[in-house]
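Undergrad: Okay, here's the structure, questions in a sec.
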Amino acid sequence: MLANYGYSDGSGTYYITLDTDKCDGCRDCVTACPQQMFLVEPDDYDDDKAVIKEAMRKDVKYLCAPCKPTAGPRELPCETACTPRAIVHSW
Amino acid sequence: MAEQKPEFWRWHEYTWRDEGKNWKDYEKITAGVDIGSVSSKAAIMVDGELYSYSLFRTGSSSPDSAHKAIQGCLDGTGMTLDDIKFIVGTGYGRVNVPFAHKTVTEIACHARGANSMNAGVRTILDMGGQDCKAILCDENGKVQQFLMNDKCAAGTGRGMEVVSDLLSVPIGDIGPLSLGVDREPPPVSSTCVVFAKTEAVGLLREGFNVAEVLAAYCAAMAHRVVTLIQRVGVKKEFAITGGISKNAGVVKRIEKELGVEAVEIAPDAQLAGAIGAANFAKDLLAKQMARAAG
Ligand code: SF4
Ligand code: SF4
């Protein structure tokens, strides 16, 4: 399943997509994210999967800003930490 | 004495039961309870067939609303809460269904419910009281992708209730009225509840009539959710669940903008979450029984 967390507003579209088919619940993203946005919890089928904390979903643009350089190549701590490549940012 | 203002936003609460069935003839009795921010729904299934359901307004307490919804399904049947072998809770206040054996996310329940009501359904747009979600599922009703706008409550039932009250139009009349206009003002730029009020008043002042303002509001709501669905993509069949599915003014405009017609899901698209939850309960009960039989 592709779970999209975030929002779109007048300024753009800000979604963090978590692919639950790839996520193995390793928690590396939980440790890597400086803003502590990830949580690993059992999903509807009792498998441990990463999610973005509910209260943070409406602020992803601002919370992630420090990780995102305005120019040049970027390496997001969450995407880099996730070996199965389950995390993708839309912006 | 001031005359009491009629409650234009108030919609119809009801319960239904299959009089042709005697629940005692069935083995697997399961239920789903879906507590939304605006409405509370419950459904009871006997061996996977729908037996009774109810729809009420959510009160200030979620546990009380959950009890009221399930009681609506039980009343007159002779069945008690203890006769239900497995109950799944879901919805906005899903942690607040105190008698549920398990909770399942509303995304999973809406997909499962809509797909069980019409097996062809692959895309679900859930327009609830306080949020709106686009969901893609497979042929078994299992979620493949979902997306909601966590920031903006555009396209929600609560917003529609506010507009109904502001313009003194009964909630059930908004759709038909909004479709009967010859000209439409430009869509209100904001479907946010607070700003919509100001904009609606502004349009009235500019000389647009009530029906035209409703048309503008429905069009804006439709446009906002269409951008949401387009991000996940539309696979046929397409169904709309939740309270707004009953507003033809919004539904017709979504269909037009998407170029896809929404299929009907009987008996009531507002029950999809509760029916999906009752389906999950059926599977979970079967698992439990298999384990017990060991
Ligand atoms: S690092 Fe990737 S695989 Fe590990 S829990 Fe996070 S999302 Fe899942
Ligand atoms: S970009 Fe940075 S702040 Fe945003 S989720 Fe990834 S690690 Fe966390």
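By convention here, the chains of the structure tokens are called A, B, ... in the order presented, each chain's residues are numbered starting at 1, and ligands are numbered starting at 1 in the order presented.
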I'd like to know which residues of region 33-75 of chain A are helix (DSSP H, G or I) (by DSSP, run on the backbone); could you write them as a list in words?
TA: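 After running DSSP on the backbone, region 33-75 of chain A has helix (DSSP H, G or I) at Glu54, Ala55, Met56, Arg57, Lys58, Asp59, Val60, Lys61, Tyr62, Leu63, Cys64, Ala65, Pro66 and Cys67 of chain A.
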Undergrad: Give the residues of chain A that lie within 6 Å of chain B; count only C-alpha atoms, and format the answer as a list in words.
TA: Met1, Leu2, Ala3, Asn4, Gly6, Tyr7, Asp44 and Lys58 of chain A
Undergrad: How would you report the residues lying within 8 Å of ligand 2, as a VMD selection string, if you count only C-alpha atoms and all ligand atoms?
TA: chain A and resid 16 29 32 to 38 60 63 to 68 76 to 79 89
Undergrad: Counting only C-alpha atoms and all ligand atoms, which protein, DNA or RNA residues come within 9 Å of ligand 1, given as a PyMOL selection string?
TA: chain A and resi 18-20+22-32+38-40+48-51+78-87
Undergrad: Could you write those residues out with N, CA and C atoms, as a compact mmCIF listing (two decimals), in the first residue's frame?
TA:
# COMPACT_ATOMS: atom_id res chain seq x y z
N LEU A 18 4.78 6.50 2.04
CA LEU A 18 5.39 5.32 2.64
C LEU A 18 4.82 4.09 1.95
N ASP A 19 5.70 3.29 1.38
CA ASP A 19 5.27 2.08 0.69
C ASP A 19 5.29 0.93 1.71
N THR A 20 4.10 0.53 2.17
CA THR A 20 4.05 -0.48 3.24
C THR A 20 4.44 -1.87 2.74
N LYS A 22 7.09 -2.31 0.99
CA LYS A 22 8.56 -2.33 1.11
C LYS A 22 9.01 -2.20 2.57
N CYS A 23 8.25 -1.46 3.36
CA CYS A 23 8.67 -1.19 4.74
C CYS A 23 8.68 -2.48 5.56
N ASP A 24 9.82 -2.72 6.28
CA ASP A 24 9.91 -3.93 7.10
C ASP A 24 9.86 -3.61 8.59
N GLY A 25 9.55 -2.34 8.90
CA GLY A 25 9.41 -1.97 10.31
C GLY A 25 10.71 -1.89 11.08
N CYS A 26 11.85 -1.68 10.37
CA CYS A 26 13.17 -1.71 11.02
C CYS A 26 13.43 -0.52 11.96
N ARG A 27 12.66 0.53 11.83
CA ARG A 27 12.77 1.72 12.68
C ARG A 27 13.98 2.60 12.38
N ASP A 28 14.71 2.36 11.32
CA ASP A 28 15.87 3.20 11.02
C ASP A 28 15.45 4.65 10.77
N CYS A 29 14.27 4.83 10.20
CA CYS A 29 13.79 6.19 9.93
C CYS A 29 13.48 6.92 11.24
N VAL A 30 12.98 6.17 12.21
CA VAL A 30 12.64 6.76 13.51
C VAL A 30 13.88 7.38 14.12
N THR A 31 15.01 6.68 14.05
CA THR A 31 16.26 7.16 14.60
C THR A 31 16.85 8.28 13.74
N ALA A 32 16.69 8.17 12.42
CA ALA A 32 17.36 9.12 11.52
C ALA A 32 16.72 10.50 11.47
N PHE A 38 8.63 10.06 12.47
CA PHE A 38 8.19 8.69 12.19
C PHE A 38 7.82 7.92 13.45
N LEU A 39 6.93 6.96 13.23
CA LEU A 39 6.47 6.11 14.31
C LEU A 39 6.28 4.74 13.66
N VAL A 40 6.70 3.68 14.33
CA VAL A 40 6.44 2.35 13.78
C VAL A 40 5.38 1.70 14.67
N ASP A 48 4.16 -4.52 11.69
CA ASP A 48 4.76 -3.26 12.10
C ASP A 48 5.17 -2.44 10.88
N LYS A 49 4.62 -1.25 10.76
CA LYS A 49 4.92 -0.38 9.62
C LYS A 49 5.15 1.04 10.10
N ALA A 50 5.97 1.78 9.33
CA ALA A 50 6.23 3.18 9.68
C ALA A 50 5.08 4.06 9.23
N VAL A 51 4.76 5.07 10.03
CA VAL A 51 3.77 6.09 9.66
C VAL A 51 4.34 7.45 10.07
N CYS A 78 15.95 10.57 6.17
CA CYS A 78 14.97 9.48 6.20
C CYS A 78 15.11 8.57 4.98
N GLU A 79 15.21 9.19 3.79
CA GLU A 79 15.32 8.39 2.57
C GLU A 79 16.62 7.58 2.56
N THR A 80 17.70 8.20 3.04
CA THR A 80 19.00 7.53 3.06
C THR A 80 19.00 6.36 4.05
N ALA A 81 18.36 6.57 5.19
CA ALA A 81 18.35 5.54 6.23
C ALA A 81 17.54 4.31 5.83
N CYS A 82 16.55 4.52 4.99
CA CYS A 82 15.64 3.43 4.66
C CYS A 82 16.21 2.54 3.56
N THR A 83 16.77 1.41 3.94
CA THR A 83 17.40 0.51 2.97
C THR A 83 16.41 -0.01 1.92
N PRO A 84 15.22 -0.41 2.29
CA PRO A 84 14.29 -0.91 1.25
C PRO A 84 13.68 0.20 0.38
N ARG A 85 14.06 1.44 0.61
CA ARG A 85 13.56 2.58 -0.17
C ARG A 85 12.03 2.70 -0.12
N ALA A 86 11.53 2.69 1.07
CA ALA A 86 10.07 2.75 1.25
C ALA A 86 9.56 4.18 1.36
N ILE A 87 10.49 5.14 1.52
CA ILE A 87 10.08 6.54 1.76
C ILE A 87 10.37 7.41 0.53
Undergrad: Rounded to one decimal place, report the CA of Glu41 (chain A)-CA of Gly273 (chain B) distance in Å.
TA: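 Pair CA of Glu41 (chain A) / CA of Gly273 (chain B) returns 22.0 Å.
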Undergrad: Can you list, as a PyMOL selection string, every protein, DNA or RNA residue that comes within 9 Å of Met160 (chain B) when you count only C-alpha atoms, leaving out same-chain residues fewer than 2 positions away?
TA: chain B and resi 9+129+155-158+162-165+171+174+193+217-218+244
Undergrad: Write a file of the just-selected residues containing C-alpha atoms, as a tab-separated table (two decimals), in the first residue's frame.
TA:
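Wrote result_13.tsv, looks like this:
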chain	number	residue	atom	x	y	z
B	9	TRP	CA	-28.69	21.41	8.81
B	129	GLY	CA	-17.87	15.07	8.37
B	155	GLY	CA	-15.23	18.98	0.99
B	156	THR	CA	-16.61	17.95	4.32
B	157	GLY	CA	-20.03	17.49	5.83
B	158	ARG	CA	-19.43	19.98	8.59
B	162	VAL	CA	-22.59	25.52	8.12
B	163	VAL	CA	-23.62	26.69	4.65
B	164	SER	CA	-27.08	25.17	5.06
B	165	ASP	CA	-27.56	27.03	8.30
B	171	ILE	CA	-29.46	20.29	3.98
B	174	ILE	CA	-28.80	22.03	-1.32
B	193	VAL	CA	-15.69	26.85	6.62
B	217	TYR	CA	-19.98	26.40	-3.02
B	218	CYS	CA	-20.70	22.91	-4.41
B	244	ILE	CA	-21.63	14.27	1.05
Undergrad: Using the chain letters and numbers from this document, which residues of chain A does DSSP assign to strand (DSSP E), as a list in words?
TA: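 Restricting chain A to strand (DSSP E) produces Leu2, Ala3, Asn4, Tyr5, Gly6, Tyr7, Ser8, Asp9, Gly12, Thr13, Tyr14, Tyr15, Ile16, Thr17, Leu18, Asp19, Phe38, Leu39, Val40, Glu41, Pro42, Asp48, Lys49, Ala50, Val51, Ile52, Ile87, Val88 and His89 of chain A.
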Undergrad: Export N, CA and C atoms of the chosen residues as a CSV table (one decimal), in the first residue's frame?
TA:
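Done, and the output landed in selection-v1.csv:
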chain,number,residue,atom,x,y,z
A,2,LEU,N,0.5,2.3,-0.8
A,2,LEU,CA,1.1,3.5,-0.7
A,2,LEU,C,0.3,4.5,0.2
A,3,ALA,N,0.9,4.8,1.3
A,3,ALA,CA,0.2,5.7,2.2
A,3,ALA,C,0.8,7.1,2.1
A,4,ASN,N,0.0,8.1,1.7
A,4,ASN,CA,0.5,9.4,1.5
A,4,ASN,C,0.1,10.3,2.7
A,5,TYR,N,1.1,10.9,3.3
A,5,TYR,CA,0.8,11.8,4.4
A,5,TYR,C,1.2,13.2,4.1
A,6,GLY,N,0.4,14.1,4.3
A,6,GLY,CA,0.7,15.5,4.0
A,6,GLY,C,-0.5,16.3,3.5
A,7,TYR,N,-0.3,17.2,2.6
A,7,TYR,CA,-1.4,18.0,2.1
A,7,TYR,C,-0.9,18.8,0.9
A,8,SER,N,-1.9,19.4,0.2
A,8,SER,CA,-1.6,20.4,-0.8
A,8,SER,C,-2.3,21.6,-0.5
A,9,ASP,N,-1.7,22.8,-0.7
A,9,ASP,CA,-2.4,24.0,-0.5
A,9,ASP,C,-2.0,25.0,-1.7
A,12,GLY,N,1.7,24.6,-3.0
A,12,GLY,CA,2.2,23.4,-3.6
A,12,GLY,C,1.7,22.1,-3.0
A,13,THR,N,2.4,21.0,-3.3
A,13,THR,CA,1.9,19.7,-2.8
A,13,THR,C,3.0,19.1,-2.0
A,14,TYR,N,2.7,18.7,-0.8
A,14,TYR,CA,3.7,18.2,0.1
A,14,TYR,C,3.2,16.9,0.7
A,15,TYR,N,3.7,15.8,0.1
A,15,TYR,CA,3.3,14.5,0.6
A,15,TYR,C,4.6,13.6,0.9
A,16,ILE,N,4.6,12.9,2.0
A,16,ILE,CA,5.6,11.9,2.2
A,16,ILE,C,4.9,10.6,2.0
A,17,THR,N,5.4,9.8,1.0
A,17,THR,CA,4.7,8.5,0.7
A,17,THR,C,5.5,7.4,1.3
A,18,LEU,N,4.8,6.5,2.0
A,18,LEU,CA,5.4,5.3,2.6
A,18,LEU,C,4.8,4.1,1.9
A,19,ASP,N,5.7,3.3,1.4
A,19,ASP,CA,5.3,2.1,0.7
A,19,ASP,C,5.3,0.9,1.7
A,38,PHE,N,8.6,10.1,12.5
A,38,PHE,CA,8.2,8.7,12.2
A,38,PHE,C,7.8,7.9,13.4
A,39,LEU,N,6.9,7.0,13.2
A,39,LEU,CA,6.5,6.1,14.3
A,39,LEU,C,6.3,4.7,13.7
A,40,VAL,N,6.7,3.7,14.3
A,40,VAL,CA,6.4,2.3,13.8
A,40,VAL,C,5.4,1.7,14.7
A,41,GLU,N,4.3,1.3,14.0
A,41,GLU,CA,3.2,0.7,14.8
A,41,GLU,C,2.5,-0.3,14.0
A,42,PRO,N,1.7,-1.2,14.7
A,42,PRO,CA,1.1,-2.3,13.9
A,42,PRO,C,0.0,-1.7,13.0
A,48,ASP,N,4.2,-4.5,11.7
A,48,ASP,CA,4.8,-3.3,12.1
A,48,ASP,C,5.2,-2.4,10.9
A,49,LYS,N,4.6,-1.2,10.8
A,49,LYS,CA,4.9,-0.4,9.6
A,49,LYS,C,5.2,1.0,10.1
A,50,ALA,N,6.0,1.8,9.3
A,50,ALA,CA,6.2,3.2,9.7
A,50,ALA,C,5.1,4.1,9.2
A,51,VAL,N,4.8,5.1,10.0
A,51,VAL,CA,3.8,6.1,9.7
A,51,VAL,C,4.3,7.5,10.1
A,52,ILE,N,3.8,8.5,9.5
A,52,ILE,CA,4.1,9.9,10.0
A,52,ILE,C,3.2,10.2,11.1
A,87,ILE,N,10.5,5.1,1.5
A,87,ILE,CA,10.1,6.5,1.8
A,87,ILE,C,10.4,7.4,0.5
A,88,VAL,N,9.4,8.2,0.1
A,88,VAL,CA,9.6,9.1,-1.0
A,88,VAL,C,8.9,10.4,-0.7
A,89,HIS,N,9.6,11.5,-0.9
A,89,HIS,CA,9.0,12.8,-0.7
A,89,HIS,C,8.5,13.4,-2.1
Undergrad: Hey, can you check how far CA of Pro186 (chain B) sits from CA of Val169 (chain B)?
TA: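 Answer for the CA of Pro186 (chain B) to CA of Val169 (chain B) separation: 20.5 Å.
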Undergrad: Residues at most 9 Å from region 181-183 of chain B, counting only C-alpha atoms, excluding those fewer than 5 positions away in the same chain, as a list in words?
TA: Ala211, Glu212 and Ala215 of chain B
Undergrad: Any chance you could export the current selection's N, CA and C atoms as a CSV table (one decimal), in the first residue's frame?
TA:
chain,number,residue,atom,x,y,z
B,211,ALA,N,-29.6,30.0,-4.5
B,211,ALA,CA,-29.2,28.8,-5.3
B,211,ALA,C,-27.9,29.0,-6.0
B,212,GLU,N,-27.6,30.2,-6.5
B,212,GLU,CA,-26.4,30.4,-7.2
B,212,GLU,C,-25.2,30.4,-6.3
B,215,ALA,N,-24.5,26.8,-5.7
B,215,ALA,CA,-23.8,26.3,-6.8
B,215,ALA,C,-22.3,26.5,-6.8
Undergrad: Could you name the residues that touch Ile124 (chain B) at 7 Å or less, counting only C-alpha atoms, but leaving out those on the same chain fewer than 3 positions away, as a list in words?
TA: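 My list of contacting residues is Ala111, Ala134, Ile135, Leu136, Phe238, Ala239, Ile240 and Thr241 of chain B.
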Undergrad: Would you write out those residues with C-alpha atoms, as a short mmCIF file (atom, residue, chain, number, x, y, z; two decimals), in the first residue's frame?
TA:
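Wrote it out as selection-v7.cif, contents follow:
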data_model
loop_
_atom_site.label_atom_id
_atom_site.label_comp_id
_atom_site.auth_asym_id
_atom_site.auth_seq_id
_atom_site.Cartn_x
_atom_site.Cartn_y
_atom_site.Cartn_z
CA ALA B 111 -12.50 0.44 1.07
CA ALA B 134 -9.16 9.23 -1.82
CA ILE B 135 -8.56 5.46 -1.65
CA LEU B 136 -7.58 2.86 -4.27
CA PHE B 238 -15.62 4.83 -8.72
CA ALA B 239 -17.76 5.28 -5.60
CA ILE B 240 -18.35 8.12 -3.17
CA THR B 241 -18.95 7.28 0.49
#
Undergrad: Using only C-alpha atoms, which residues sit within 8 Å of Ile29 (chain B) once same-chain residues fewer than 3 positions away are excluded, as a compact mmCIF listing (two decimals) with all heavy atoms, in the first residue's frame?
TA:
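Generated output (around19.txt):
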# COMPACT_ATOMS: atom_id res chain seq x y z
N TRP B 23 -32.09 -13.93 13.72
CA TRP B 23 -30.65 -14.01 13.98
C TRP B 23 -30.26 -15.30 14.68
O TRP B 23 -29.11 -15.75 14.60
CB TRP B 23 -30.17 -12.79 14.77
CG TRP B 23 -30.80 -12.61 16.12
CD1 TRP B 23 -31.95 -11.92 16.39
CD2 TRP B 23 -30.32 -13.10 17.37
NE1 TRP B 23 -32.21 -11.96 17.73
CE2 TRP B 23 -31.22 -12.68 18.36
CE3 TRP B 23 -29.22 -13.87 17.76
CZ2 TRP B 23 -31.07 -13.00 19.71
CZ3 TRP B 23 -29.06 -14.18 19.10
CH2 TRP B 23 -29.98 -13.75 20.06
N TYR B 26 -28.49 -18.13 12.84
CA TYR B 26 -27.15 -17.94 12.29
C TYR B 26 -26.08 -18.15 13.36
O TYR B 26 -26.34 -17.99 14.55
CB TYR B 26 -27.01 -16.54 11.70
CG TYR B 26 -27.95 -16.31 10.54
CD1 TYR B 26 -29.27 -15.92 10.76
CD2 TYR B 26 -27.52 -16.50 9.23
CE1 TYR B 26 -30.15 -15.72 9.70
CE2 TYR B 26 -28.38 -16.29 8.16
CZ TYR B 26 -29.70 -15.91 8.40
OH TYR B 26 -30.55 -15.70 7.35
N ILE B 44 -24.91 -4.75 11.81
CA ILE B 44 -24.76 -6.11 12.32
C ILE B 44 -24.90 -7.07 11.15
O ILE B 44 -25.78 -6.90 10.29
CB ILE B 44 -25.82 -6.43 13.41
CG1 ILE B 44 -25.57 -5.54 14.64
CG2 ILE B 44 -25.78 -7.92 13.79
CD1 ILE B 44 -26.54 -5.76 15.79
N MET B 45 -24.00 -8.06 11.11
CA MET B 45 -24.05 -9.07 10.05
C MET B 45 -24.26 -10.45 10.66
O MET B 45 -23.72 -10.74 11.74
CB MET B 45 -22.74 -9.10 9.28
CG MET B 45 -22.61 -7.95 8.31
SD MET B 45 -21.10 -8.15 7.37
CE MET B 45 -21.66 -7.50 5.82
N VAL B 46 -25.05 -11.27 9.97
CA VAL B 46 -25.20 -12.67 10.40
C VAL B 46 -24.65 -13.53 9.27
O VAL B 46 -25.10 -13.43 8.13
CB VAL B 46 -26.69 -13.01 10.72
CG1 VAL B 46 -27.13 -12.29 11.98
CG2 VAL B 46 -27.63 -12.66 9.57
N ASP B 47 -23.64 -14.34 9.58
CA ASP B 47 -22.92 -15.15 8.59
C ASP B 47 -22.59 -14.33 7.33
O ASP B 47 -22.74 -14.81 6.20
CB ASP B 47 -23.74 -16.39 8.20
CG ASP B 47 -23.81 -17.39 9.36
OD1 ASP B 47 -23.15 -17.15 10.38
OD2 ASP B 47 -24.55 -18.39 9.22
N ASP B 83 -24.53 -11.12 22.53
CA ASP B 83 -24.77 -12.11 21.47
C ASP B 83 -23.87 -11.87 20.26
O ASP B 83 -23.72 -12.74 19.40
CB ASP B 83 -26.23 -12.06 21.02
CG ASP B 83 -27.17 -12.53 22.12
OD1 ASP B 83 -26.86 -13.59 22.73
OD2 ASP B 83 -28.18 -11.86 22.39
N ILE B 84 -23.29 -10.68 20.17
CA ILE B 84 -22.41 -10.36 19.04
C ILE B 84 -21.02 -10.91 19.34
O ILE B 84 -20.41 -10.55 20.34
CB ILE B 84 -22.35 -8.84 18.78
CG1 ILE B 84 -23.77 -8.27 18.66
CG2 ILE B 84 -21.57 -8.55 17.50
CD1 ILE B 84 -23.82 -6.76 18.52
N LYS B 85 -20.56 -11.78 18.46
CA LYS B 85 -19.32 -12.52 18.75
C LYS B 85 -18.07 -11.70 18.50
O LYS B 85 -17.02 -11.94 19.10
CB LYS B 85 -19.29 -13.81 17.93
CG LYS B 85 -20.45 -14.76 18.21
CD LYS B 85 -20.29 -15.41 19.56
CE LYS B 85 -21.38 -16.43 19.86
NZ LYS B 85 -22.73 -15.82 19.95
N PHE B 86 -18.13 -10.78 17.56
CA PHE B 86 -16.94 -9.96 17.29
C PHE B 86 -17.38 -8.59 16.80
O PHE B 86 -18.20 -8.47 15.90
CB PHE B 86 -16.03 -10.63 16.25
CG PHE B 86 -14.57 -10.26 16.42
CD1 PHE B 86 -13.67 -11.18 16.91
CD2 PHE B 86 -14.12 -8.98 16.12
CE1 PHE B 86 -12.33 -10.85 17.10
CE2 PHE B 86 -12.77 -8.63 16.31
CZ PHE B 86 -11.88 -9.57 16.79
N LYS B 282 -16.15 -10.22 10.76
CA LYS B 282 -16.48 -11.58 10.30
C LYS B 282 -15.21 -12.41 10.07
O LYS B 282 -15.10 -13.54 10.53
CB LYS B 282 -17.29 -11.46 8.99
CG LYS B 282 -17.68 -12.78 8.36
CD LYS B 282 -18.18 -12.59 6.94
CE LYS B 282 -17.06 -12.17 6.03
NZ LYS B 282 -17.44 -12.02 4.63
Undergrad: I'd like the contact shell of region 61-74 of chain B - 7 Å cut-off, only C-alpha atoms, skipping same-chain residues fewer than 5 positions apart - returned as a ChimeraX atom specification.
TA: /B:15,33,35,40-44,52-56,79-80,93,96-98
Undergrad: Can those selected residues be exported to a file as a tab-separated table (two decimals), in the first residue's frame so that it contains all heavy atoms?
TA:
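What ended up in again-v4.tsv:
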chain	number	residue	atom	x	y	z
B	15	THR	N	-32.97	3.65	11.61
B	15	THR	CA	-32.48	2.29	11.81
B	15	THR	C	-33.22	1.39	10.84
B	15	THR	O	-34.33	1.70	10.40
B	15	THR	CB	-32.74	1.75	13.23
B	15	THR	OG1	-34.15	1.77	13.46
B	15	THR	CG2	-32.08	2.59	14.29
B	33	VAL	N	-18.83	-0.73	14.03
B	33	VAL	CA	-19.32	0.55	14.54
B	33	VAL	C	-18.37	1.64	14.06
B	33	VAL	O	-17.16	1.57	14.29
B	33	VAL	CB	-19.38	0.54	16.09
B	33	VAL	CG1	-19.94	1.86	16.60
B	33	VAL	CG2	-20.23	-0.62	16.59
B	35	ILE	N	-17.71	5.57	14.22
B	35	ILE	CA	-18.05	6.83	14.87
B	35	ILE	C	-17.36	7.98	14.15
B	35	ILE	O	-16.15	8.18	14.30
B	35	ILE	CB	-17.64	6.82	16.37
B	35	ILE	CG1	-18.20	5.58	17.08
B	35	ILE	CG2	-18.09	8.10	17.07
B	35	ILE	CD1	-19.72	5.47	17.05
B	40	SER	N	-22.76	8.76	13.49
B	40	SER	CA	-22.36	7.46	14.05
B	40	SER	C	-23.16	6.37	13.38
B	40	SER	O	-24.37	6.48	13.25
B	40	SER	CB	-22.64	7.43	15.55
B	40	SER	OG	-21.88	8.41	16.19
B	41	LYS	N	-22.47	5.33	12.91
B	41	LYS	CA	-23.13	4.27	12.17
B	41	LYS	C	-22.78	2.93	12.79
B	41	LYS	O	-21.66	2.75	13.28
B	41	LYS	CB	-22.66	4.24	10.71
B	41	LYS	CG	-23.17	5.33	9.83
B	41	LYS	CD	-22.42	6.66	9.83
B	41	LYS	CE	-20.95	6.65	9.71
B	41	LYS	NZ	-20.38	8.03	9.62
B	42	ALA	N	-23.72	1.98	12.73
B	42	ALA	CA	-23.42	0.62	13.16
B	42	ALA	C	-24.10	-0.33	12.21
B	42	ALA	O	-25.13	0.00	11.61
B	42	ALA	CB	-23.91	0.39	14.59
B	43	ALA	N	-23.51	-1.51	12.03
B	43	ALA	CA	-24.11	-2.54	11.18
B	43	ALA	C	-23.88	-3.90	11.82
B	43	ALA	O	-22.80	-4.15	12.35
B	43	ALA	CB	-23.50	-2.50	9.79
B	44	ILE	N	-24.91	-4.75	11.81
B	44	ILE	CA	-24.76	-6.11	12.32
B	44	ILE	C	-24.90	-7.07	11.15
B	44	ILE	O	-25.78	-6.90	10.29
B	44	ILE	CB	-25.82	-6.43	13.41
B	44	ILE	CG1	-25.57	-5.54	14.64
B	44	ILE	CG2	-25.78	-7.92	13.79
B	44	ILE	CD1	-26.54	-5.76	15.79
B	52	SER	N	-28.91	-5.75	10.30
B	52	SER	CA	-29.50	-4.47	10.70
B	52	SER	C	-28.44	-3.38	10.66
B	52	SER	O	-27.25	-3.66	10.70
B	52	SER	CB	-30.11	-4.57	12.10
B	52	SER	OG	-29.11	-4.80	13.07
B	53	TYR	N	-28.89	-2.14	10.54
B	53	TYR	CA	-27.95	-1.01	10.59
B	53	TYR	C	-28.64	0.23	11.12
B	53	TYR	O	-29.87	0.31	11.15
B	53	TYR	CB	-27.29	-0.76	9.25
B	53	TYR	CG	-28.20	-0.67	8.05
B	53	TYR	CD1	-28.91	0.49	7.75
B	53	TYR	CD2	-28.30	-1.75	7.18
B	53	TYR	CE1	-29.72	0.56	6.63
B	53	TYR	CE2	-29.11	-1.69	6.05
B	53	TYR	CZ	-29.82	-0.53	5.78
B	53	TYR	OH	-30.62	-0.46	4.68
B	54	SER	N	-27.82	1.19	11.55
B	54	SER	CA	-28.38	2.42	12.09
B	54	SER	C	-27.49	3.61	11.76
B	54	SER	O	-26.30	3.45	11.49
B	54	SER	CB	-28.52	2.31	13.61
B	54	SER	OG	-27.24	2.36	14.21
B	55	LEU	N	-28.09	4.77	11.76
B	55	LEU	CA	-27.36	6.01	11.48
B	55	LEU	C	-27.90	7.09	12.42
B	55	LEU	O	-29.08	7.40	12.41
B	55	LEU	CB	-27.60	6.40	10.02
B	55	LEU	CG	-27.14	7.79	9.55
B	55	LEU	CD1	-25.63	7.87	9.52
B	55	LEU	CD2	-27.69	8.09	8.18
B	56	PHE	N	-27.01	7.63	13.25
B	56	PHE	CA	-27.38	8.69	14.19
B	56	PHE	C	-26.38	9.83	14.14
B	56	PHE	O	-25.27	9.66	13.63
B	56	PHE	CB	-27.39	8.15	15.63
B	56	PHE	CG	-28.50	7.19	15.93
B	56	PHE	CD1	-28.25	5.82	16.00
B	56	PHE	CD2	-29.79	7.65	16.12
B	56	PHE	CE1	-29.28	4.93	16.27
B	56	PHE	CE2	-30.83	6.77	16.39
B	56	PHE	CZ	-30.57	5.41	16.46
B	79	MET	N	-31.83	-9.39	20.56
B	79	MET	CA	-30.39	-9.65	20.63
B	79	MET	C	-29.78	-8.67	21.62
B	79	MET	O	-30.25	-7.54	21.75
B	79	MET	CB	-29.78	-9.41	19.23
B	79	MET	CG	-28.35	-9.91	19.06
B	79	MET	SD	-27.54	-9.25	17.55
B	79	MET	CE	-28.45	-10.01	16.24
B	80	THR	N	-28.74	-9.11	22.34
B	80	THR	CA	-28.03	-8.18	23.22
B	80	THR	C	-26.59	-8.07	22.74
B	80	THR	O	-26.14	-8.87	21.91
B	80	THR	CB	-28.01	-8.66	24.69
B	80	THR	OG1	-27.19	-9.84	24.76
B	80	THR	CG2	-29.40	-8.95	25.20
B	93	GLY	N	-13.63	8.60	15.92
B	93	GLY	CA	-13.51	8.31	17.35
B	93	GLY	C	-13.36	6.83	17.59
B	93	GLY	O	-13.88	6.29	18.53
B	96	ASN	N	-12.78	5.17	20.67
B	96	ASN	CA	-13.83	5.40	21.64
B	96	ASN	C	-15.02	4.46	21.52
B	96	ASN	O	-16.11	4.77	21.95
B	96	ASN	CB	-14.31	6.84	21.55
B	96	ASN	CG	-13.27	7.80	22.06
B	96	ASN	OD1	-12.62	7.52	23.06
B	96	ASN	ND2	-13.09	8.91	21.38
B	97	VAL	N	-14.82	3.32	20.86
B	97	VAL	CA	-15.88	2.31	20.86
B	97	VAL	C	-15.49	1.32	21.95
B	97	VAL	O	-14.71	0.41	21.72
B	97	VAL	CB	-15.99	1.61	19.49
B	97	VAL	CG1	-17.13	0.61	19.49
B	97	VAL	CG2	-16.20	2.65	18.38
B	98	PRO	N	-16.00	1.56	23.19
B	98	PRO	CA	-15.47	0.82	24.33
B	98	PRO	C	-15.71	-0.68	24.26
B	98	PRO	O	-14.95	-1.45	24.82
B	98	PRO	CB	-16.21	1.43	25.53
B	98	PRO	CG	-17.33	2.23	24.98
B	98	PRO	CD	-17.04	2.52	23.54
Undergrad: One decimal, Å: what's the distance from CA of Gly128 (chain B) over to CA of Ala114 (chain B), could you say?
TA: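 Straight-line distance from CA of Gly128 (chain B) to CA of Ala114 (chain B) works out to 14.0 Å.
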Undergrad: In terms of the shortest atom-to-atom distance over only C-alpha atoms, which of B:Asp18, B:Asp34, B:Glu255, B:Glu139 is closest to Ala272 (chain B)?
TA: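 Answer, going by the shortest atom-to-atom distance: B:Asp34.
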Undergrad: I'd like to know which of A:Trp91, A:Asp47, A:Lys53, A:Thr70 is closest to Ser11 (chain A), using only C-alpha atoms.
TA: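 The answer is A:Trp91, which sits nearest to Ser11 (chain A).
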Undergrad: Would you mind telling me which residue in B:Asp283, B:Asp25, B:Asp138, B:Glu237 lies nearest to Glu264 (chain B) when using only C-alpha atoms?
TA: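 Looking only at the distances to Glu264 (chain B), the closest residue turns out to be B:Glu237.
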